[in-house]
Amino acid sequence: MGAAETAKALASMTLEEKAALCVGRDSWSLAGVDRLGIPSIMMTDGPYGLRKESAAGGLSGALTDSVPATCFPTSSAMAATWDPALIEEVGAALGEEARAEGVSVLLGPGANIKRTPLCGRNFEYFSEDPLLSGRLAAAWIRGVQGVGVAASLKHLAANNQEHRRFTSDSIVDERTLREIYLAGFEVAVAEAGPWTVMAAYNRLGGVYCAEHEWLLETVLRGEWGFDGVVVSDWGATNDRIAGLLAGLDLEMPGLAAWQAGQIESAVREGRLPEGVLDRAVERVLTLIDRTAEAQTQASAYDRDAHHELAGRVAAAGTVLLKNEGQVLPLHAGTLAVLGAFAKAPRFRGTGSSRVTPTRLDVAYAGIVALAGESVEVSYAPGYRRHVDVVDRALLAEARAVARSVEVALVFVGLTEAYEAEGSDREHLRLPDSHNALVEAVMEANPATVVVVSNGAPVEMPWAARVPAIVEGYLGGQAGGLAIAQVLFGVAEPGGRLAETFPLRWRDNPVYALPVGPRLAEYRESVYVGYRYYDTAGAAVLFPFGHGLSYTTFDYTGLTLSAGTIHDGEALDCQVTVTNTGERAGSDVVQVYVHDVASAVFRPLQELRGFVKVWLEAGESRPVTVTLDRRAFAYYDVDATDDVDATDDVDATAAPGCRGGWTVEPGTFEIRVGASSRDIRATAIVEVVGKPTGPEPAAVGPAPAAGGVSPELRPYHDLTGEARFGRVAFAALCRQELPANVPDPRGAFTLNTPMIDMRGSLPARMFAAVMRGLIRVALRKADQASRALAVGMLQEAPLRLMPMMTGGALGRQHLAALLRLFNGRRRGRQP
């Protein structure tokens, strides 16, 4: 269906058919128009494996039951590969599996920034850095869409916590929003052109993302050139008419006739121009046309090949954090495998991305197979798999086994109860029983190797006392064998950290900042992840980009294509990388840019390019990274008509000002290294351009002279224990911040979370009934899935009850409940 056919179909549709096309037919499919030959298409999760619900359906099916599909390593593990080409292969495989199941839209990838390591959904996201996140997301999208299946880039925008995710209001200054939280999405849209983008649950600056015209129309479509469908996250629609006006084309899920009916009524009553509806319908029709091949040509896929690919990705994303004394690769004659994870692994996330694997490799079996008959392998569980209780008997058994062998392999990590969609972690600690096992084994055997399975950073209080640590992340269905292959040196530990591992949670800049009840205050501004730790000079457990190999690499001969460039000119950086070890291996060349002097506060350095290179023993290769204008730029919310013509200026960037990407003239240091803390070579380039703003000041401690307002001084000086206060943040945002308090009784709205209405007896009774229904629906589900559902209920606002009840509760029921919870029997509600 080309443009002419789309226009003809649109002209032939009734108002009712148009409205129906802009709302899901059910939880996972679109309505279609049979009389015009417009098919219904299906959407499904997810970012690291197809999660198509099985025939069982219902709430239980939504959280547990899905058809078997390849469970690839989670996104945090994929990110650790730093390998866009490999991730594009994953995308193509996911697209093939989607087509085989009749799925036209795959809901992924997740490109949200890891603002805090506590986010319960971090396993679904790539990185704390927007460039790395954006390029990997783009590769994933190219792979999926290359086989005719649509990707859905999510969750736009500033959706960086699970706590109160349905109602939280992300307060972010515009510069930070542009440089950190939108930049990865921008890269993905520019490099891959996703056919859909998903609007997030949260509010952004007081406006729900699903009805945020500036976000969806001005930025996404106007500035970035996105030409696809904007779909809501499931239940994220607050006001359907406001959403259509703002650029939300498709509401999901579809549960009741009144959803389309309100669109019809708004058009008939003149509240919604039919041209706006037609715009959304045209975009949906284009999506259906783009995925036509996937609809008509179902295809089988090679399960063995996809399993093999999952194993390659798992090994490439395995990070060798520490290897003192070359304990690894293994060459011992006796081994102990300790920890229940070795036989009953945690290999995937919990929630909407909970994939049912086609098969499952476990580390213990892989170790036994690779060890062969000449190596004696012993095992002890060490802890209870699903209960975090220190079992002294199990520890004693593990200690005895560890004493009897040359090398002890300890498998620990985060259980399903510790990190899951719908809730954030409260700390970075491992389960007590897992830490206790590590301590017990270290006491018994100094040759201890710790293998960690987790979706996000954890504290490791024992890290300095063990010779070797392997970060396996959540390695998917082939991760067990991949870990075994890495331990024995059959596979290279190819991973590098895509996120910083702090020593302690309290070292993170978000530690003392409010994440609710109403607002998530992004007071730390651009200082996210390594941008904060490196600028503040804070000690970390393992830095961004870190990862060891079984070989060694030298970086020599850094050269730049020019010593001086004009604003807007590209710069080529070339360095020769040599494998100086005795075996083949890979390394990631990381290029950071440091602005030596700036009129605005900036992080000490920022990742601006990277290349993964594989070298045979003794091989040398020149590696080139090209830096474009954005590599030197910051977002200037005050950019006006007198900026250089080369500046990217957006006339509608923010109310009352223009805004644009600005490059200050001056000296920039190009830093090439193997991590943000392992810089191997540097070079200087001068950038010539028109100066803007006050005289530049050195990045680091605040200048003693004028030019820096007292309110913003904390952002220029990150030394010491200083935290970001509300006064400084308000000055940065240039606005008075709303009160960060919950709604009081009598002022409850459809957007008030159930937890904030617990002071109302009727609300508590309603919540109790809903919890009972959830327990019945999930009586056969695992504990983590039940906890997820109950947690969702606690933080869900009333407007989500139709989705949570499968459409059994409608708008009229919600209005009556709201009056009751507010202590009123009649009258209009806000």
# chains A, B, ... in the order shown; residues from 1 in each chain; ligands from 1
$ residues_around --residues "region 739-745 of chain A" --least-positions-apart "6" --cutoff "9 Å" --atoms "only C-alpha atoms" --output "list in words"
Pro514, Gly516, Pro517, Arg518, Leu519, Ala520, Thr752, Pro753, Asp756, Met757, Gly759, Ser760, Phe821, Asn822 and Gly823 of chain A
$ write_last_selection --atoms "all heavy atoms" --output "compact mmCIF listing (two decimals), in the first residue's frame"
# COMPACT_ATOMS: atom_id res chain seq x y z
N PRO A 514 15.26 13.15 46.10
CA PRO A 514 13.89 12.60 46.15
C PRO A 514 13.48 11.95 44.84
O PRO A 514 13.73 12.48 43.76
CB PRO A 514 13.03 13.84 46.44
CG PRO A 514 13.84 15.00 45.96
CD PRO A 514 15.27 14.62 46.15
N GLY A 516 10.20 10.74 44.72
CA GLY A 516 8.76 10.73 44.96
C GLY A 516 8.46 11.54 46.20
O GLY A 516 9.37 12.14 46.79
N PRO A 517 7.17 11.62 46.61
CA PRO A 517 6.06 10.85 46.05
C PRO A 517 5.49 11.39 44.73
O PRO A 517 4.93 10.63 43.93
CB PRO A 517 5.00 10.93 47.15
CG PRO A 517 5.30 12.21 47.84
CD PRO A 517 6.79 12.36 47.82
N ARG A 518 5.66 12.68 44.47
CA ARG A 518 5.09 13.24 43.25
C ARG A 518 6.15 13.47 42.19
O ARG A 518 5.93 13.22 41.01
CB ARG A 518 4.38 14.56 43.56
CG ARG A 518 3.71 15.21 42.35
CD ARG A 518 3.07 16.55 42.73
NE ARG A 518 2.01 16.36 43.70
CZ ARG A 518 0.75 16.11 43.39
NH1 ARG A 518 0.39 16.00 42.12
NH2 ARG A 518 -0.17 15.97 44.32
N LEU A 519 7.31 13.95 42.62
CA LEU A 519 8.35 14.36 41.69
C LEU A 519 9.58 13.47 41.80
O LEU A 519 9.97 13.05 42.89
CB LEU A 519 8.78 15.81 41.96
CG LEU A 519 7.71 16.87 42.10
CD1 LEU A 519 8.35 18.22 42.42
CD2 LEU A 519 6.86 16.97 40.84
N ALA A 520 10.21 13.21 40.67
CA ALA A 520 11.57 12.69 40.63
C ALA A 520 12.45 13.87 40.21
O ALA A 520 12.39 14.31 39.05
CB ALA A 520 11.68 11.55 39.64
N THR A 752 -4.18 9.54 41.20
CA THR A 752 -3.61 9.33 42.53
C THR A 752 -3.30 7.85 42.72
O THR A 752 -4.18 7.00 42.56
CB THR A 752 -4.57 9.79 43.63
OG1 THR A 752 -4.92 11.16 43.42
CG2 THR A 752 -3.94 9.63 45.00
N PRO A 753 -2.05 7.49 43.05
CA PRO A 753 -1.73 6.07 43.27
C PRO A 753 -2.52 5.49 44.43
O PRO A 753 -2.84 6.19 45.40
CB PRO A 753 -0.23 6.09 43.59
CG PRO A 753 0.27 7.40 43.05
CD PRO A 753 -0.87 8.36 43.17
N ASP A 756 -1.33 6.13 47.95
CA ASP A 756 -1.57 7.46 48.53
C ASP A 756 -3.01 7.63 49.01
O ASP A 756 -3.35 8.64 49.64
CB ASP A 756 -1.24 8.56 47.52
CG ASP A 756 0.25 8.67 47.25
OD1 ASP A 756 1.04 8.12 48.06
OD2 ASP A 756 0.64 9.27 46.23
N MET A 757 -3.86 6.65 48.72
CA MET A 757 -5.25 6.71 49.16
C MET A 757 -5.51 5.75 50.33
O MET A 757 -6.66 5.50 50.69
CB MET A 757 -6.19 6.39 47.99
CG MET A 757 -6.14 7.43 46.89
SD MET A 757 -7.44 7.24 45.63
CE MET A 757 -6.77 5.89 44.66
N GLY A 759 -5.29 6.17 53.35
CA GLY A 759 -5.97 6.79 54.48
C GLY A 759 -7.48 6.70 54.38
O GLY A 759 -8.20 7.00 55.34
N SER A 760 -7.98 6.27 53.23
CA SER A 760 -9.42 6.11 53.00
C SER A 760 -9.80 4.64 53.21
O SER A 760 -9.25 3.75 52.55
CB SER A 760 -9.79 6.55 51.58
OG SER A 760 -11.04 6.06 51.20
N PHE A 821 -13.86 7.24 47.61
CA PHE A 821 -12.55 7.35 48.25
C PHE A 821 -12.31 8.75 48.80
O PHE A 821 -11.60 8.93 49.79
CB PHE A 821 -11.43 7.00 47.26
CG PHE A 821 -11.46 5.58 46.76
CD1 PHE A 821 -10.67 5.19 45.69
CD2 PHE A 821 -12.28 4.62 47.35
CE1 PHE A 821 -10.68 3.89 45.23
CE2 PHE A 821 -12.31 3.31 46.89
CZ PHE A 821 -11.52 2.95 45.82
N ASN A 822 -12.89 9.74 48.14
CA ASN A 822 -12.74 11.12 48.60
C ASN A 822 -13.71 11.49 49.71
O ASN A 822 -13.70 12.61 50.21
CB ASN A 822 -12.93 12.10 47.43
CG ASN A 822 -11.63 12.36 46.68
OD1 ASN A 822 -10.58 12.50 47.30
ND2 ASN A 822 -11.70 12.43 45.36
N GLY A 823 -14.58 10.53 50.08
CA GLY A 823 -15.53 10.79 51.15
C GLY A 823 -16.74 11.55 50.70
O GLY A 823 -17.40 12.22 51.49
$ residues_around --residues "Arg142 (chain A)" --least-positions-apart "5" --cutoff "12 Å" --atoms "only C-alpha atoms" --output "PyMOL selection string"
chain A and resi 84-95+108-109+135-137+147-153+188-195
$ residues_around --residues "Glu521 (chain A)" --least-positions-apart "5" --cutoff "9 Å" --atoms "only C-alpha atoms" --output "JSON, numbers by chain"
{"A": [169, 170, 171, 172, 513, 514, 515, 516, 726, 729]}
$ closest_residue --among "A:Ala436, A:Val687, A:Ala498, A:Glu293" --to "Ala396 (chain A)" --atoms "only C-alpha atoms"
A:Ala436
$ select_by_dssp --residues "region 498-710 of chain A" --states "alpha helix (DSSP H)" --output "list of chain:residue names"
A:Tyr530, A:Arg531, A:Tyr532, A:Tyr533, A:Asp534, A:Thr535, A:Ala536
$ write_last_selection --atoms "all heavy atoms" --output "PDB file, in the first residue's frame"
ATOM      1  N   TYR A 530      29.499   7.791  35.036  1.00  0.00           N
ATOM      2  CA  TYR A 530      30.907   8.199  35.051  1.00  0.00           C
ATOM      3  C   TYR A 530      31.070   9.705  34.912  1.00  0.00           C
ATOM      4  O   TYR A 530      32.084  10.262  35.339  1.00  0.00           O
ATOM      5  CB  TYR A 530      31.680   7.471  33.942  1.00  0.00           C
ATOM      6  CG  TYR A 530      31.409   7.984  32.547  1.00  0.00           C
ATOM      7  CD1 TYR A 530      32.147   9.015  31.981  1.00  0.00           C
ATOM      8  CD2 TYR A 530      30.387   7.431  31.778  1.00  0.00           C
ATOM      9  CE1 TYR A 530      31.889   9.479  30.703  1.00  0.00           C
ATOM     10  CE2 TYR A 530      30.124   7.881  30.502  1.00  0.00           C
ATOM     11  CZ  TYR A 530      30.872   8.908  29.962  1.00  0.00           C
ATOM     12  OH  TYR A 530      30.604   9.378  28.698  1.00  0.00           O
ATOM     13  N   ARG A 531      30.115  10.393  34.321  1.00  0.00           N
ATOM     14  CA  ARG A 531      30.208  11.852  34.215  1.00  0.00           C
ATOM     15  C   ARG A 531      30.289  12.488  35.602  1.00  0.00           C
ATOM     16  O   ARG A 531      30.931  13.533  35.763  1.00  0.00           O
ATOM     17  CB  ARG A 531      29.004  12.401  33.441  1.00  0.00           C
ATOM     18  CG  ARG A 531      29.056  12.169  31.940  1.00  0.00           C
ATOM     19  CD  ARG A 531      27.727  12.523  31.283  1.00  0.00           C
ATOM     20  NE  ARG A 531      27.833  12.645  29.836  1.00  0.00           N
ATOM     21  CZ  ARG A 531      27.834  11.628  28.985  1.00  0.00           C
ATOM     22  NH1 ARG A 531      27.762  10.397  29.462  1.00  0.00           N
ATOM     23  NH2 ARG A 531      27.926  11.829  27.685  1.00  0.00           N
ATOM     24  N   TYR A 532      29.621  11.866  36.577  1.00  0.00           N
ATOM     25  CA  TYR A 532      29.733  12.346  37.952  1.00  0.00           C
ATOM     26  C   TYR A 532      31.005  11.830  38.619  1.00  0.00           C
ATOM     27  O   TYR A 532      31.816  12.597  39.142  1.00  0.00           O
ATOM     28  CB  TYR A 532      28.520  11.926  38.780  1.00  0.00           C
ATOM     29  CG  TYR A 532      28.731  12.186  40.259  1.00  0.00           C
ATOM     30  CD1 TYR A 532      28.604  13.474  40.776  1.00  0.00           C
ATOM     31  CD2 TYR A 532      29.091  11.153  41.124  1.00  0.00           C
ATOM     32  CE1 TYR A 532      28.832  13.720  42.123  1.00  0.00           C
ATOM     33  CE2 TYR A 532      29.316  11.397  42.469  1.00  0.00           C
ATOM     34  CZ  TYR A 532      29.186  12.679  42.968  1.00  0.00           C
ATOM     35  OH  TYR A 532      29.429  12.925  44.293  1.00  0.00           O
ATOM     36  N   TYR A 533      31.199  10.509  38.619  1.00  0.00           N
ATOM     37  CA  TYR A 533      32.313   9.922  39.365  1.00  0.00           C
ATOM     38  C   TYR A 533      33.660  10.468  38.895  1.00  0.00           C
ATOM     39  O   TYR A 533      34.540  10.779  39.708  1.00  0.00           O
ATOM     40  CB  TYR A 533      32.288   8.403  39.214  1.00  0.00           C
ATOM     41  CG  TYR A 533      31.084   7.740  39.824  1.00  0.00           C
ATOM     42  CD1 TYR A 533      30.126   7.118  39.023  1.00  0.00           C
ATOM     43  CD2 TYR A 533      30.893   7.733  41.208  1.00  0.00           C
ATOM     44  CE1 TYR A 533      29.016   6.505  39.575  1.00  0.00           C
ATOM     45  CE2 TYR A 533      29.779   7.123  41.770  1.00  0.00           C
ATOM     46  CZ  TYR A 533      28.847   6.516  40.952  1.00  0.00           C
ATOM     47  OH  TYR A 533      27.741   5.916  41.514  1.00  0.00           O
ATOM     48  N   ASP A 534      33.839  10.590  37.576  1.00  0.00           N
ATOM     49  CA  ASP A 534      35.122  11.078  37.061  1.00  0.00           C
ATOM     50  C   ASP A 534      35.325  12.553  37.371  1.00  0.00           C
ATOM     51  O   ASP A 534      36.433  12.983  37.710  1.00  0.00           O
ATOM     52  CB  ASP A 534      35.207  10.840  35.552  1.00  0.00           C
ATOM     53  CG  ASP A 534      35.308   9.364  35.195  1.00  0.00           C
ATOM     54  OD1 ASP A 534      35.442   8.539  36.118  1.00  0.00           O
ATOM     55  OD2 ASP A 534      35.245   9.032  33.997  1.00  0.00           O
ATOM     56  N   THR A 535      34.264  13.342  37.258  1.00  0.00           N
ATOM     57  CA  THR A 535      34.383  14.772  37.521  1.00  0.00           C
ATOM     58  C   THR A 535      34.629  15.034  38.999  1.00  0.00           C
ATOM     59  O   THR A 535      35.425  15.911  39.369  1.00  0.00           O
ATOM     60  CB  THR A 535      33.115  15.516  37.063  1.00  0.00           C
ATOM     61  OG1 THR A 535      32.832  15.184  35.698  1.00  0.00           O
ATOM     62  CG2 THR A 535      33.281  17.022  37.187  1.00  0.00           C
ATOM     63  N   ALA A 536      33.971  14.280  39.860  1.00  0.00           N
ATOM     64  CA  ALA A 536      34.133  14.458  41.301  1.00  0.00           C
ATOM     65  C   ALA A 536      35.394  13.787  41.827  1.00  0.00           C
ATOM     66  O   ALA A 536      35.764  13.991  42.993  1.00  0.00           O
ATOM     67  CB  ALA A 536      32.906  13.895  42.027  1.00  0.00           C
TER      68      ALA A 536
END
$ closest_residue --among "A:Gln326, A:Thr286, A:Gln262, A:Gln590" --to "Trp82 (chain A)" --atoms "only C-alpha atoms"
A:Gln590
$ residues_around --residues "Glu569 (chain A)" --least-positions-apart "5" --cutoff "12 Å" --atoms "only C-alpha atoms" --output "CSV table (one decimal) with C-alpha atoms, in the first residue's frame"
chain,number,residue,atom,x,y,z
A,561,SER,CA,43.6,14.7,11.3
A,562,ALA,CA,44.1,18.3,12.2
A,563,GLY,CA,45.5,20.4,15.1
A,564,THR,CA,43.0,23.1,14.5
A,626,THR,CA,35.6,10.2,13.6
A,627,LEU,CA,34.3,13.0,15.9
A,628,ASP,CA,31.5,15.1,14.6
A,629,ARG,CA,30.3,18.5,15.8
A,630,ARG,CA,28.2,17.1,18.6
A,631,ALA,CA,31.3,15.5,20.1
A,632,PHE,CA,32.4,19.0,21.2
A,646,THR,CA,26.9,26.6,12.0
A,647,ASP,CA,25.1,26.2,15.3
A,663,VAL,CA,30.5,24.6,20.4
A,685,VAL,CA,42.9,20.0,19.2
A,686,GLU,CA,42.0,23.7,18.9
A,687,VAL,CA,38.4,24.5,17.9
A,688,VAL,CA,38.0,27.9,16.2
A,689,GLY,CA,34.6,29.6,16.2
$ residues_around --residues "region 132-134 of chain A" --least-positions-apart "5" --cutoff "9 Å" --atoms "only C-alpha atoms" --output "MDAnalysis selection string"
chainID A and resid 79 82 110:113 125:127 139 183:189 191 498 607:610
$ closest_residue --among "A:Glu376, A:Asp678, A:Asp636, A:Asp782" --to "Val405 (chain A)" --atoms "only C-alpha atoms"
A:Glu376
